[in-house]
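Note: the block below is query00.cif and it holds mmCIF, C-alpha atoms.
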data_input
#
loop_
_atom_site.group_PDB
_atom_site.id
_atom_site.type_symbol
_atom_site.label_atom_id
_atom_site.label_comp_id
_atom_site.auth_asym_id
_atom_site.auth_seq_id
_atom_site.Cartn_x
_atom_site.Cartn_y
_atom_site.Cartn_z
ATOM 1 C CA ASN A 17 124.097 106.222 78.388
ATOM 2 C CA ALA A 18 120.569 107.566 78.339
ATOM 3 C CA GLY A 19 120.837 109.373 81.663
ATOM 4 C CA VAL A 20 120.451 113.070 82.395
ATOM 5 C CA MET A 21 123.518 114.828 81.051
ATOM 6 C CA GLN A 22 124.849 117.998 82.599
ATOM 7 C CA ASN A 23 127.762 120.134 81.564
ATOM 8 C CA PRO A 24 130.079 121.510 82.509
ATOM 9 C CA ARG A 25 130.679 119.348 85.566
ATOM 10 C CA HIS A 26 132.888 121.982 87.122
ATOM 11 C CA LEU A 27 132.900 125.688 86.422
ATOM 12 C CA VAL A 28 134.949 128.470 87.956
ATOM 13 C CA ARG A 29 133.819 132.049 87.488
ATOM 14 C CA ARG A 30 135.062 135.357 88.832
ATOM 15 C CA ARG A 31 132.605 137.610 90.601
ATOM 16 C CA GLY A 32 130.548 139.546 88.070
ATOM 17 C CA GLN A 33 130.877 137.003 85.269
ATOM 18 C CA GLU A 34 128.100 134.886 83.821
ATOM 19 C CA ALA A 35 127.624 131.158 84.338
ATOM 20 C CA ARG A 36 125.699 128.948 81.928
ATOM 21 C CA LEU A 37 124.807 125.422 82.932
ATOM 22 C CA ARG A 38 123.357 122.973 80.451
ATOM 23 C CA CYS A 39 121.141 119.962 80.896
ATOM 24 C CA SER A 40 119.947 117.345 78.445
ATOM 25 C CA PRO A 41 117.117 115.242 79.891
ATOM 26 C CA MET A 42 116.831 111.501 79.642
ATOM 27 C CA LYS A 43 115.630 110.219 76.301
ATOM 28 C CA GLY A 44 111.869 110.458 76.124
ATOM 29 C CA HIS A 45 111.634 112.970 78.973
ATOM 30 C CA SER A 46 110.261 116.408 78.232
ATOM 31 C CA HIS A 47 110.116 117.788 81.774
ATOM 32 C CA VAL A 48 113.173 119.342 83.371
ATOM 33 C CA TYR A 49 113.787 120.522 86.919
ATOM 34 C CA TRP A 50 116.688 122.471 88.379
ATOM 35 C CA TYR A 51 117.782 122.165 92.005
ATOM 36 C CA ARG A 52 120.558 123.854 93.935
ATOM 37 C CA GLN A 53 122.576 122.359 96.769
ATOM 38 C CA LEU A 54 124.491 124.913 98.768
ATOM 39 C CA PRO A 55 127.427 123.713 100.894
ATOM 40 C CA GLU A 56 126.191 121.836 103.965
ATOM 41 C CA GLU A 57 122.568 122.357 102.925
ATOM 42 C CA GLY A 58 119.887 120.258 101.328
ATOM 43 C CA LEU A 59 118.591 120.263 97.793
ATOM 44 C CA LYS A 60 116.322 123.209 97.032
ATOM 45 C CA PHE A 61 113.926 123.394 94.106
ATOM 46 C CA MET A 62 114.551 126.221 91.672
ATOM 47 C CA VAL A 63 112.470 125.796 88.530
ATOM 48 C CA TYR A 64 110.355 123.347 86.545
ATOM 49 C CA LEU A 65 110.260 123.610 82.760
ATOM 50 C CA GLN A 66 108.684 121.905 79.824
ATOM 51 C CA LYS A 67 109.691 122.540 76.250
ATOM 52 C CA GLU A 68 109.397 126.289 75.651
ATOM 53 C CA ASN A 69 107.468 126.805 78.901
ATOM 54 C CA ILE A 70 108.326 127.679 82.469
ATOM 55 C CA ILE A 71 105.829 125.814 84.643
ATOM 56 C CA ASP A 72 107.001 126.789 88.124
ATOM 57 C CA GLU A 73 109.834 129.170 88.941
ATOM 58 C CA SER A 74 108.901 129.743 92.558
ATOM 59 C CA GLY A 75 112.343 128.684 93.771
ATOM 60 C CA MET A 76 114.348 130.934 91.491
ATOM 61 C CA PRO A 77 116.048 133.968 93.013
ATOM 62 C CA LYS A 78 114.312 137.083 91.725
ATOM 63 C CA GLU A 79 117.384 138.600 90.157
ATOM 64 C CA ARG A 80 120.267 137.344 88.023
ATOM 65 C CA PHE A 81 118.899 133.824 87.532
ATOM 66 C CA SER A 82 116.994 132.607 84.490
ATOM 67 C CA ALA A 83 116.192 129.269 82.902
ATOM 68 C CA GLU A 84 114.986 128.095 79.550
ATOM 69 C CA PHE A 85 114.200 124.858 77.780
ATOM 70 C CA PRO A 86 113.989 125.573 74.062
ATOM 71 C CA LYS A 87 112.231 123.468 71.478
ATOM 72 C CA GLU A 88 115.598 122.188 70.306
ATOM 73 C CA GLY A 89 118.638 121.676 72.474
ATOM 74 C CA PRO A 90 119.349 121.435 76.169
ATOM 75 C CA SER A 91 117.848 123.316 79.065
ATOM 76 C CA ILE A 92 120.022 126.224 80.211
ATOM 77 C CA LEU A 93 120.317 127.695 83.687
ATOM 78 C CA ARG A 94 121.903 131.121 83.437
ATOM 79 C CA ILE A 95 123.353 133.081 86.325
ATOM 80 C CA GLN A 96 124.378 136.632 85.566
ATOM 81 C CA GLN A 97 126.875 138.681 87.579
ATOM 82 C CA VAL A 98 127.748 135.780 89.843
ATOM 83 C CA VAL A 99 128.560 136.376 93.500
ATOM 84 C CA ARG A 100 130.368 134.136 95.985
ATOM 85 C CA GLY A 101 127.052 133.010 97.445
ATOM 86 C CA ASP A 102 126.172 131.382 94.115
ATOM 87 C CA SER A 103 128.901 128.786 94.674
ATOM 88 C CA ALA A 104 126.969 125.527 94.864
ATOM 89 C CA ALA A 105 126.132 122.305 93.103
ATOM 90 C CA TYR A 106 123.377 122.709 90.541
ATOM 91 C CA PHE A 107 121.455 119.573 89.686
ATOM 92 C CA CYS A 108 119.155 118.995 86.793
ATOM 93 C CA ALA A 109 116.500 116.287 86.842
ATOM 94 C CA SER A 110 113.983 115.056 84.329
ATOM 95 C CA SER A 111 110.765 113.095 84.269
ATOM 96 C CA PRO A 112 108.652 111.539 81.544
ATOM 97 C CA THR A 113 105.351 112.829 82.847
ATOM 98 C CA ASP A 114 103.710 116.055 83.872
ATOM 99 C CA TYR A 115 104.526 117.124 87.426
ATOM 100 C CA GLY A 116 106.633 114.013 87.790
ATOM 101 C CA ASN A 117 106.764 112.323 91.135
ATOM 102 C CA THR A 118 109.754 110.244 90.134
ATOM 103 C CA ILE A 119 112.548 112.405 88.822
ATOM 104 C CA TYR A 120 115.990 111.346 87.723
ATOM 105 C CA PHE A 121 119.002 113.483 88.442
ATOM 106 C CA GLY A 122 122.128 114.240 86.531
ATOM 107 C CA GLU A 123 125.571 114.276 88.103
ATOM 108 C CA GLY A 124 125.469 117.996 88.763
ATOM 109 C CA SER A 125 127.431 121.075 87.836
ATOM 110 C CA TRP A 126 129.712 122.471 90.542
ATOM 111 C CA LEU A 127 130.022 126.240 90.324
ATOM 112 C CA THR A 128 132.791 127.984 92.202
ATOM 113 C CA VAL A 129 132.854 131.778 92.267
ATOM 114 C CA VAL A 130 136.214 133.313 93.103
ATOM 115 C CA GLN B 25 107.853 124.483 110.480
ATOM 116 C CA LYS B 26 109.723 122.862 107.597
ATOM 117 C CA GLU B 27 107.656 120.731 105.228
ATOM 118 C CA VAL B 28 110.118 117.864 105.563
ATOM 119 C CA GLU B 29 112.487 117.312 108.461
ATOM 120 C CA GLN B 30 115.108 114.606 108.500
ATOM 121 C CA ASP B 31 117.068 113.155 111.404
ATOM 122 C CA PRO B 32 120.420 114.861 110.820
ATOM 123 C CA GLY B 33 122.920 112.182 111.737
ATOM 124 C CA PRO B 34 125.651 111.485 110.901
ATOM 125 C CA LEU B 35 125.311 107.779 111.505
ATOM 126 C CA SER B 36 128.220 105.375 111.814
ATOM 127 C CA VAL B 37 127.486 101.655 112.045
ATOM 128 C CA PRO B 38 129.445 98.413 111.711
ATOM 129 C CA GLU B 39 129.015 96.287 108.626
ATOM 130 C CA GLY B 40 125.977 94.038 108.902
ATOM 131 C CA ALA B 41 123.998 96.381 111.146
ATOM 132 C CA ILE B 42 120.400 97.371 110.559
ATOM 133 C CA VAL B 43 120.103 101.068 109.798
ATOM 134 C CA SER B 44 117.032 103.213 110.338
ATOM 135 C CA LEU B 45 116.748 106.586 108.585
ATOM 136 C CA ASN B 46 113.815 108.810 109.430
ATOM 137 C CA CYS B 47 111.886 111.862 108.307
ATOM 138 C CA THR B 48 108.757 113.675 109.360
ATOM 139 C CA TYR B 49 106.534 115.834 107.208
ATOM 140 C CA SER B 50 103.913 118.440 107.884
ATOM 141 C CA ASN B 51 101.234 118.176 105.177
ATOM 142 C CA SER B 52 98.842 115.266 105.564
ATOM 143 C CA ALA B 53 97.823 115.596 101.889
ATOM 144 C CA PHE B 54 101.156 114.271 100.646
ATOM 145 C CA GLN B 55 100.844 110.891 98.972
ATOM 146 C CA TYR B 56 104.254 110.011 97.507
ATOM 147 C CA PHE B 57 107.356 109.564 99.600
ATOM 148 C CA MET B 58 110.752 109.128 98.007
ATOM 149 C CA TRP B 59 114.191 108.070 99.147
ATOM 150 C CA TYR B 60 117.339 109.071 97.308
ATOM 151 C CA ARG B 61 120.948 108.066 97.870
ATOM 152 C CA GLN B 62 123.714 110.525 97.111
ATOM 153 C CA TYR B 63 127.379 109.628 96.999
ATOM 154 C CA SER B 64 129.912 112.375 97.504
ATOM 155 C CA ARG B 65 130.140 114.754 94.511
ATOM 156 C CA LYS B 66 127.447 112.803 92.647
ATOM 157 C CA GLY B 67 123.812 113.356 91.769
ATOM 158 C CA PRO B 68 121.016 111.910 93.912
ATOM 159 C CA GLU B 69 119.907 108.474 92.818
ATOM 160 C CA LEU B 70 116.305 107.401 93.326
ATOM 161 C CA LEU B 71 116.327 104.372 95.625
ATOM 162 C CA MET B 72 112.666 103.674 96.099
ATOM 163 C CA TYR B 73 109.348 105.283 96.785
ATOM 164 C CA THR B 74 106.049 104.494 98.431
ATOM 165 C CA TYR B 75 102.564 105.690 97.759
ATOM 166 C CA SER B 76 100.285 106.394 100.706
ATOM 167 C CA SER B 77 100.802 104.254 103.800
ATOM 168 C CA GLY B 78 102.491 100.941 104.316
ATOM 169 C CA ASN B 79 105.751 99.221 103.542
ATOM 170 C CA LYS B 80 107.677 98.582 100.376
ATOM 171 C CA GLU B 81 110.606 96.233 100.207
ATOM 172 C CA ASP B 82 113.403 96.064 97.648
ATOM 173 C CA GLY B 83 116.225 93.694 98.514
ATOM 174 C CA ARG B 84 117.908 94.933 101.669
ATOM 175 C CA PHE B 85 115.900 98.164 101.677
ATOM 176 C CA THR B 86 112.468 98.737 103.190
ATOM 177 C CA ALA B 87 110.576 102.017 102.985
ATOM 178 C CA GLN B 88 107.827 102.591 105.494
ATOM 179 C CA VAL B 89 105.190 105.317 105.756
ATOM 180 C CA ASP B 90 103.004 106.043 108.753
ATOM 181 C CA LYS B 91 100.549 108.692 107.624
ATOM 182 C CA SER B 92 98.867 108.912 111.020
ATOM 183 C CA SER B 93 102.074 110.240 112.550
ATOM 184 C CA LYS B 94 103.459 111.773 109.310
ATOM 185 C CA TYR B 95 106.593 109.688 109.675
ATOM 186 C CA ILE B 96 108.625 108.007 106.958
ATOM 187 C CA SER B 97 111.503 105.588 107.403
ATOM 188 C CA LEU B 98 114.064 103.758 105.346
ATOM 189 C CA PHE B 99 115.538 100.574 106.793
ATOM 190 C CA ILE B 100 118.709 99.004 105.465
ATOM 191 C CA ARG B 101 119.372 95.410 106.469
ATOM 192 C CA ASP B 102 122.814 93.806 106.472
ATOM 193 C CA SER B 103 124.423 97.167 105.758
ATOM 194 C CA GLN B 104 127.523 97.185 103.573
ATOM 195 C CA PRO B 105 130.413 99.649 103.251
ATOM 196 C CA SER B 106 129.063 100.445 99.783
ATOM 197 C CA ASP B 107 125.921 101.810 101.478
ATOM 198 C CA SER B 108 128.016 104.665 102.882
ATOM 199 C CA ALA B 109 126.372 107.757 101.412
ATOM 200 C CA THR B 110 123.955 110.547 102.218
ATOM 201 C CA TYR B 111 120.318 109.511 102.209
ATOM 202 C CA LEU B 112 117.643 112.040 101.345
ATOM 203 C CA CYS B 113 113.930 111.752 101.879
ATOM 204 C CA ALA B 114 111.802 113.761 99.486
ATOM 205 C CA ILE B 115 108.166 114.536 98.930
ATOM 206 C CA PRO B 116 107.006 115.557 95.442
ATOM 207 C CA ASN B 117 104.132 117.965 95.073
ATOM 208 C CA ALA B 118 102.959 119.289 91.701
ATOM 209 C CA GLY B 119 106.359 118.959 90.095
ATOM 210 C CA LYS B 120 108.292 120.385 93.007
ATOM 211 C CA SER B 121 110.081 118.015 95.355
ATOM 212 C CA THR B 122 110.906 119.070 98.905
ATOM 213 C CA PHE B 123 113.953 117.328 100.288
ATOM 214 C CA GLY B 124 115.121 116.658 103.790
ATOM 215 C CA ASP B 125 118.601 117.908 104.579
ATOM 216 C CA GLY B 126 119.995 114.374 104.397
ATOM 217 C CA THR B 127 121.533 111.860 106.762
ATOM 218 C CA THR B 128 125.115 110.818 106.127
ATOM 219 C CA LEU B 129 125.697 107.141 106.784
ATOM 220 C CA THR B 130 129.070 105.477 107.199
ATOM 221 C CA VAL B 131 129.223 101.690 107.322
ATOM 222 C CA LYS B 132 132.536 100.494 108.732
ATOM 223 C CA PRO B 133 133.991 97.173 107.585
#
Write out the structure in this file as structure tokens.
Amino acid sequence: NAGVMQNPRHLVRRRGQEARLRCSPMKGHSHVYWYRQLPEEGLKFMVYLQKENIIDESGMPKERFSAEFPKEGPSILRIQQVVRGDSAAYFCASSPTDYGNTIYFGEGSWLTVV
Amino acid sequence: QKEVEQDPGPLSVPEGAIVSLNCTYSNSAFQYFMWYRQYSRKGPELLMYTYSSGNKEDGRFTAQVDKSSKYISLFIRDSQPSDSATYLCAIPNAGKSTFGDGTTLTVKP
């Protein structure tokens, strides 16, 4: 399966812990996007990355959230000191081209903060 | 004003009905218009997209864009229970896609 792979699919964290979500793009894709879907809300853009570069992080909360896409390995979305409001589905997408219009999503990582 | 607004639904139709899903957008410079389908607890799946104005057909699905009124539609003909899902319109812009809040469709057998 050459689709976008995300793990873990489900993650439970206590308040104050760290959450790390991983995303491997589709084969041949070097552009990765992270979106968040809060309960009963739509998908919201968080960040757009290329290998070793953050292109657009205008949707990232200013504190506690960070993202990277290293030269080797998956993209990581890191949430430090999680709070209940971080409970959401986090989706990764990838595209083969710069500023991709057509992006392909993974199955998501569901974070629950207790 | 939101960049993309989507008719909220939910919609419930009998099998075989024609379904119309609609969005409006605010920026006349947008050129690409996307439709995604999302099943419960799954990732969004790209259904189809159009560039600029006009219609695009793919099987039972037709995407339509009216740039003069900034209105985009997705029509589903001969709807099936397997079409039951949330449908999301989206507009990409420089790597960032803005999504409507989604319309949940239920097709009853």
Neighbouring residues of segment 27-29 of chain B were defined as those with any atom within 6 Å, considering all atoms listed in the file; residues of the same chain fewer than 3 positions away were excluded. Please report them as a ChimeraX atom specification. /B:47-50,124
Extract, using only C-alpha atoms, all DNA, RNA and protein residues at most 12 Å from segment 99-110 of chain B, discarding same-chain residues fewer than 5 positions from it, and format them as a PyMOL selection string. (chain A and resi 56-59) or (chain B and resi 30-47+59-69+71-72+79-89+124-133)
Output for the residues just chosen: C-alpha atoms as a compact mmCIF listing (two decimals), keeping the file's coordinate frame:
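This went into out_24.txt:
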# COMPACT_ATOMS: atom_id res chain seq x y z
CA GLU A 56 126.19 121.84 103.96
CA GLU A 57 122.57 122.36 102.92
CA GLY A 58 119.89 120.26 101.33
CA LEU A 59 118.59 120.26 97.79
CA GLN B 30 115.11 114.61 108.50
CA ASP B 31 117.07 113.16 111.40
CA PRO B 32 120.42 114.86 110.82
CA GLY B 33 122.92 112.18 111.74
CA PRO B 34 125.65 111.48 110.90
CA LEU B 35 125.31 107.78 111.50
CA SER B 36 128.22 105.38 111.81
CA VAL B 37 127.49 101.66 112.04
CA PRO B 38 129.44 98.41 111.71
CA GLU B 39 129.01 96.29 108.63
CA GLY B 40 125.98 94.04 108.90
CA ALA B 41 124.00 96.38 111.15
CA ILE B 42 120.40 97.37 110.56
CA VAL B 43 120.10 101.07 109.80
CA SER B 44 117.03 103.21 110.34
CA LEU B 45 116.75 106.59 108.58
CA ASN B 46 113.82 108.81 109.43
CA CYS B 47 111.89 111.86 108.31
CA TRP B 59 114.19 108.07 99.15
CA TYR B 60 117.34 109.07 97.31
CA ARG B 61 120.95 108.07 97.87
CA GLN B 62 123.71 110.52 97.11
CA TYR B 63 127.38 109.63 97.00
CA SER B 64 129.91 112.38 97.50
CA ARG B 65 130.14 114.75 94.51
CA LYS B 66 127.45 112.80 92.65
CA GLY B 67 123.81 113.36 91.77
CA PRO B 68 121.02 111.91 93.91
CA GLU B 69 119.91 108.47 92.82
CA LEU B 71 116.33 104.37 95.62
CA MET B 72 112.67 103.67 96.10
CA ASN B 79 105.75 99.22 103.54
CA LYS B 80 107.68 98.58 100.38
CA GLU B 81 110.61 96.23 100.21
CA ASP B 82 113.40 96.06 97.65
CA GLY B 83 116.22 93.69 98.51
CA ARG B 84 117.91 94.93 101.67
CA PHE B 85 115.90 98.16 101.68
CA THR B 86 112.47 98.74 103.19
CA ALA B 87 110.58 102.02 102.98
CA GLN B 88 107.83 102.59 105.49
CA VAL B 89 105.19 105.32 105.76
CA GLY B 124 115.12 116.66 103.79
CA ASP B 125 118.60 117.91 104.58
CA GLY B 126 120.00 114.37 104.40
CA THR B 127 121.53 111.86 106.76
CA THR B 128 125.12 110.82 106.13
CA LEU B 129 125.70 107.14 106.78
CA THR B 130 129.07 105.48 107.20
CA VAL B 131 129.22 101.69 107.32
CA LYS B 132 132.54 100.49 108.73
CA PRO B 133 133.99 97.17 107.58
Distance query Tyr49 of chain A at most 7 Å, all atoms listed in the file, self and fewer than 2 positions along chain excluded, as a VMD selection string: chain A and resid 47 51 63 to 65 108 to 110
Would you mind listing what lies within 10 Å of Ser91 of chain A as a PyMOL selection string, with only C-alpha atoms counted and same-chain residues fewer than 6 positions away left out? chain A and resi 22+37-41+47-50+65-68+83-85+108
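Ranking B:Cys113, B:Ala53, B:Leu98, B:Leu70 by their shortest atom-to-atom distance to chain A, with only C-alpha atoms included, puts B:Leu70 first.
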Once the PyMOL selection byres ((chain A) within 8 of (chain B)) is applied to the coordinates I shared, what remains selected? I want it as a list in words.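 That selection, the PyMOL selection byres ((chain A) within 8 of (chain B)), comes back as Glu57, Gly58, Leu59, Lys60, Phe61, Tyr64, Phe107, Asp114, Tyr115, Gly116, Asn117, Thr118, Ile119, Tyr120, Phe121, Gly122, Glu123 and Gly124 of chain A.
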Measure the distance from atom CA of Trp126 of chain A to atom CA of Glu88 of chain A in Å and round it to one decimal.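 So the answer is 24.7 Å.
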Point-to-point distance in Å for atom CA of Glu34 of chain A and atom CA of Leu93 of chain A: 10.6 Å
One decimal, in Å: what's the spacing between atom CA of Gln53 of chain A and atom CA of Asp102 of chain A?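 One can read the atom CA of Gln53 of chain A to atom CA of Asp102 of chain A distance as 10.1 Å.
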I'd like the box whose edges run along x, y and z of the file and which contains every listed atom of segment 50-66 of chain A, padded by 5 Å per side; could you state its centre and edge lengths in Å, one decimal, as lines of an AutoDock Vina configuration file?
center_x = 118.1
center_y = 123.2
center_z = 91.9
size_x = 28.7
size_y = 16.0
size_z = 34.1
Take the PyMOL selection byres ((chain A and resi 75-81) around 7), run it mentally on this structure, and tell me the resulting residues as a PyMOL selection string. chain A and resi 61-63+73-74+82+94-97
With a distance cut-off of 12 Å and only C-alpha atoms, select the neighbouring residues of Val130 of chain A, excluding the residue or stretch itself and same-chain residues fewer than 6 positions from it, and output the selection as a PDB file with C-alpha atoms, in the frame of the given file.
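As written to disk, part_36.pdb reads:
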ATOM      1  CA  LEU A  27     132.900 125.688  86.422  1.00  0.00           C
ATOM      2  CA  VAL A  28     134.949 128.470  87.956  1.00  0.00           C
ATOM      3  CA  ARG A  29     133.819 132.049  87.488  1.00  0.00           C
ATOM      4  CA  ARG A  30     135.062 135.357  88.832  1.00  0.00           C
ATOM      5  CA  ARG A  31     132.605 137.610  90.601  1.00  0.00           C
ATOM      6  CA  GLY A  32     130.548 139.546  88.070  1.00  0.00           C
ATOM      7  CA  GLN A  33     130.877 137.003  85.269  1.00  0.00           C
ATOM      8  CA  VAL A  98     127.748 135.780  89.843  1.00  0.00           C
ATOM      9  CA  VAL A  99     128.560 136.376  93.500  1.00  0.00           C
ATOM     10  CA  ARG A 100     130.368 134.136  95.985  1.00  0.00           C
ATOM     11  CA  GLY A 101     127.052 133.010  97.445  1.00  0.00           C
ATOM     12  CA  ASP A 102     126.172 131.382  94.115  1.00  0.00           C
ATOM     13  CA  SER A 103     128.901 128.786  94.674  1.00  0.00           C
TER      14      SER A 103
END
How would segment 104-124 of chain B look with N, CA, C and O atoms restored, written as a short mmCIF file (atom, residue, chain, number, x, y, z; two decimals), keeping the file's coordinate frame?
data_model
loop_
_atom_site.label_atom_id
_atom_site.label_comp_id
_atom_site.auth_asym_id
_atom_site.auth_seq_id
_atom_site.Cartn_x
_atom_site.Cartn_y
_atom_site.Cartn_z
N GLN B 104 126.23 97.42 104.20
CA GLN B 104 127.52 97.18 103.57
C GLN B 104 128.31 98.49 103.47
O GLN B 104 127.71 99.57 103.40
N PRO B 105 129.63 98.41 103.43
CA PRO B 105 130.41 99.65 103.25
C PRO B 105 129.98 100.44 102.02
O PRO B 105 130.03 101.67 102.03
N SER B 106 129.51 99.75 100.99
CA SER B 106 129.06 100.44 99.78
C SER B 106 127.77 101.24 100.00
O SER B 106 127.39 102.05 99.15
N ASP B 107 127.11 101.02 101.15
CA ASP B 107 125.92 101.81 101.48
C ASP B 107 126.29 103.17 102.07
O ASP B 107 125.42 104.00 102.29
N SER B 108 127.57 103.38 102.32
CA SER B 108 128.02 104.66 102.88
C SER B 108 127.72 105.78 101.89
O SER B 108 128.25 105.81 100.77
N ALA B 109 126.86 106.69 102.30
CA ALA B 109 126.37 107.76 101.41
C ALA B 109 125.49 108.68 102.24
O ALA B 109 125.25 108.43 103.43
N THR B 110 124.98 109.70 101.60
CA THR B 110 123.96 110.55 102.22
C THR B 110 122.59 110.13 101.69
O THR B 110 122.42 109.98 100.47
N TYR B 111 121.66 109.94 102.58
CA TYR B 111 120.32 109.51 102.21
C TYR B 111 119.35 110.68 102.39
O TYR B 111 119.35 111.35 103.44
N LEU B 112 118.56 110.90 101.37
CA LEU B 112 117.64 112.04 101.34
C LEU B 112 116.21 111.55 101.21
O LEU B 112 115.91 110.78 100.29
N CYS B 113 115.35 111.98 102.12
CA CYS B 113 113.93 111.75 101.88
C CYS B 113 113.40 112.94 101.07
O CYS B 113 113.96 114.04 101.12
N ALA B 114 112.35 112.69 100.32
CA ALA B 114 111.80 113.76 99.49
C ALA B 114 110.32 113.52 99.28
O ALA B 114 109.86 112.38 99.21
N ILE B 115 109.60 114.61 99.18
CA ILE B 115 108.17 114.54 98.93
C ILE B 115 107.85 115.40 97.72
O ILE B 115 108.07 116.61 97.75
N PRO B 116 107.37 114.78 96.64
CA PRO B 116 107.01 115.56 95.44
C PRO B 116 105.60 116.14 95.59
O PRO B 116 104.72 115.52 96.18
N ASN B 117 105.44 117.32 95.02
CA ASN B 117 104.13 117.96 95.07
C ASN B 117 104.02 118.88 93.86
O ASN B 117 104.67 119.91 93.81
N ALA B 118 103.21 118.48 92.90
CA ALA B 118 102.96 119.29 91.70
C ALA B 118 104.25 119.68 91.00
O ALA B 118 104.44 120.83 90.61
N GLY B 119 105.13 118.71 90.84
CA GLY B 119 106.36 118.96 90.10
C GLY B 119 107.50 119.50 90.91
O GLY B 119 108.61 119.62 90.42
N LYS B 120 107.24 119.84 92.15
CA LYS B 120 108.29 120.38 93.01
C LYS B 120 108.54 119.42 94.14
O LYS B 120 107.62 119.09 94.89
N SER B 121 109.76 118.93 94.26
CA SER B 121 110.08 118.02 95.36
C SER B 121 110.74 118.78 96.49
O SER B 121 111.64 119.60 96.26
N THR B 122 110.29 118.50 97.71
CA THR B 122 110.91 119.07 98.90
C THR B 122 111.74 117.99 99.55
O THR B 122 111.24 116.89 99.83
N PHE B 123 113.00 118.30 99.76
CA PHE B 123 113.95 117.33 100.29
C PHE B 123 114.27 117.60 101.75
O PHE B 123 114.33 118.76 102.19
N GLY B 124 114.49 116.51 102.50
CA GLY B 124 115.12 116.66 103.79
C GLY B 124 116.59 117.05 103.59
O GLY B 124 117.11 116.98 102.48
#
